Amino acid sequence: MSAAVQHGRCLCGAVTISAQLADEISACFCDLCTRWSGSAMMCIDAPADSVTVSGPVKTYRSSSFSERAWCDRCGSALWLRDDGKDYEFVPGLFANAGGARLTRIVYADRAPDGWDFAGAPQRVSRLEYEKSNPFVREGEMP
């Protein structure tokens, strides 16, 4: 667990989060997580007593034991939280994923055929991508 409080936000900036984040990321391929995220759901744990959230948050009870949350303005996924337990935040809310690294894949046997996080064959830098797609500029806000 990082001693420093990390600050994050949704895509539109309407929801802001402050939390003391773990330094590890988990990815999950269970049916609920893949349907929610459209891919592997990645999360960083944060103790509930370190979390401050402000903005238009909506929640959905996705199972008998947990809820999922999103920004009501832009739709960004925010967290998964089991009843009364710690938060599991989406890493993209925080710059550089809060400094955490992927250390665990849950339901790994449910990952689509051909998905191998360790061997991503092609890596395209921001500069390369934006050069060939000049209409895209990372970080631009509407």
# chains A, B, ... in the order shown; residues from 1 in each chain; ligands from 1
call {"tool": "residues_around", "arguments": {"residues": "Arg68 in chain A", "least_positions_apart": "2", "cutoff": "9 Å", "atoms": "only C-alpha atoms", "output": "PyMOL selection string"}}
result
chain A and resi 36+58-62+66+70+77-82
call {"tool": "select_by_dssp", "arguments": {"residues": "range 11-128 of chain A", "states": "helix (DSSP H, G or I)", "output": "ChimeraX atom specification"}}
result
/A:31-37,48-50,91-93,95-99,108-110,117-119,126-128
call {"tool": "write_last_selection", "arguments": {"atoms": "C-alpha atoms", "output": "PDB file, in the first residue's frame"}}
result
ATOM      1  CA  ASP A  31     -18.549 -13.045 -16.613  1.00  0.00           C
ATOM      2  CA  LEU A  32     -19.660 -10.034 -14.556  1.00  0.00           C
ATOM      3  CA  CYS A  33     -16.361  -8.185 -14.910  1.00  0.00           C
ATOM      4  CA  THR A  34     -15.982  -8.813 -18.636  1.00  0.00           C
ATOM      5  CA  ARG A  35     -19.539  -7.703 -19.349  1.00  0.00           C
ATOM      6  CA  TRP A  36     -19.088  -4.564 -17.233  1.00  0.00           C
ATOM      7  CA  SER A  37     -15.743  -3.538 -18.680  1.00  0.00           C
ATOM      8  CA  ALA A  48     -12.548   2.437   2.463  1.00  0.00           C
ATOM      9  CA  ASP A  49     -11.369   4.728   5.263  1.00  0.00           C
ATOM     10  CA  SER A  50      -8.843   6.391   2.896  1.00  0.00           C
ATOM     11  CA  PRO A  91      -6.657   2.069 -12.689  1.00  0.00           C
ATOM     12  CA  GLY A  92      -7.284   4.550 -15.522  1.00  0.00           C
ATOM     13  CA  LEU A  93      -8.790   7.029 -13.075  1.00  0.00           C
ATOM     14  CA  ALA A  95      -2.241   9.078 -13.569  1.00  0.00           C
ATOM     15  CA  ASN A  96       0.109   6.220 -14.408  1.00  0.00           C
ATOM     16  CA  ALA A  97      -2.400   3.838 -12.747  1.00  0.00           C
ATOM     17  CA  GLY A  98      -1.340   5.274  -9.399  1.00  0.00           C
ATOM     18  CA  GLY A  99       2.071   3.658  -9.883  1.00  0.00           C
ATOM     19  CA  ALA A 108      -7.396 -16.538 -16.020  1.00  0.00           C
ATOM     20  CA  ASP A 109      -8.829 -19.746 -17.480  1.00  0.00           C
ATOM     21  CA  ARG A 110     -11.782 -17.664 -18.781  1.00  0.00           C
ATOM     22  CA  PHE A 117      -0.811  -9.963 -21.288  1.00  0.00           C
ATOM     23  CA  ALA A 118       2.861 -10.859 -21.066  1.00  0.00           C
ATOM     24  CA  GLY A 119       3.430 -11.062 -24.804  1.00  0.00           C
ATOM     25  CA  ARG A 126       1.675   8.036 -28.193  1.00  0.00           C
ATOM     26  CA  LEU A 127       3.793  10.020 -30.659  1.00  0.00           C
ATOM     27  CA  GLU A 128       3.565   7.315 -33.335  1.00  0.00           C
TER      28      GLU A 128
END
call {"tool": "atom_distance", "arguments": {"atom1": "CA of Thr103 in chain A", "atom2": "CA of Val5 in chain A"}}
result
20.9 Å
call {"tool": "select_by_dssp", "arguments": {"residues": "range 94-127 of chain A", "states": "strand (DSSP E)", "output": "list in words"}}
result
Arg101, Leu102, Thr103, Arg104, Ile105 and Val106 of chain A
call {"tool": "write_last_selection", "arguments": {"atoms": "C-alpha atoms", "output": "compact mmCIF listing (two decimals), in the first residue's frame"}}
result
# COMPACT_ATOMS: atom_id res chain seq x y z
CA ARG A 101 1.52 -2.80 -11.63
CA LEU A 102 -0.43 -5.81 -12.87
CA THR A 103 0.38 -8.73 -10.57
CA ARG A 104 -2.63 -11.07 -10.70
CA ILE A 105 -5.16 -12.36 -13.23
CA VAL A 106 -8.33 -13.84 -11.71
call {"tool": "residues_around", "arguments": {"residues": "Val53 in chain A", "least_positions_apart": "6", "cutoff": "9 Å", "atoms": "only C-alpha atoms", "output": "list in words"}}
result
Val15, Thr16, Ile17, Ser18 and Ala19 of chain A
call {"tool": "atom_distance", "arguments": {"atom1": "CA of Asp86 in chain A", "atom2": "CA of Cys30 in chain A"}}
result
19.3 Å
call {"tool": "atom_distance", "arguments": {"atom1": "CA of Trp115 in chain A", "atom2": "CA of Ile44 in chain A"}}
result
21.0 Å
call {"tool": "residues_around", "arguments": {"residues": "Ala27 in chain A", "least_positions_apart": "2", "cutoff": "6 Å", "atoms": "only C-alpha atoms", "output": "count of residues only"}}
result
4
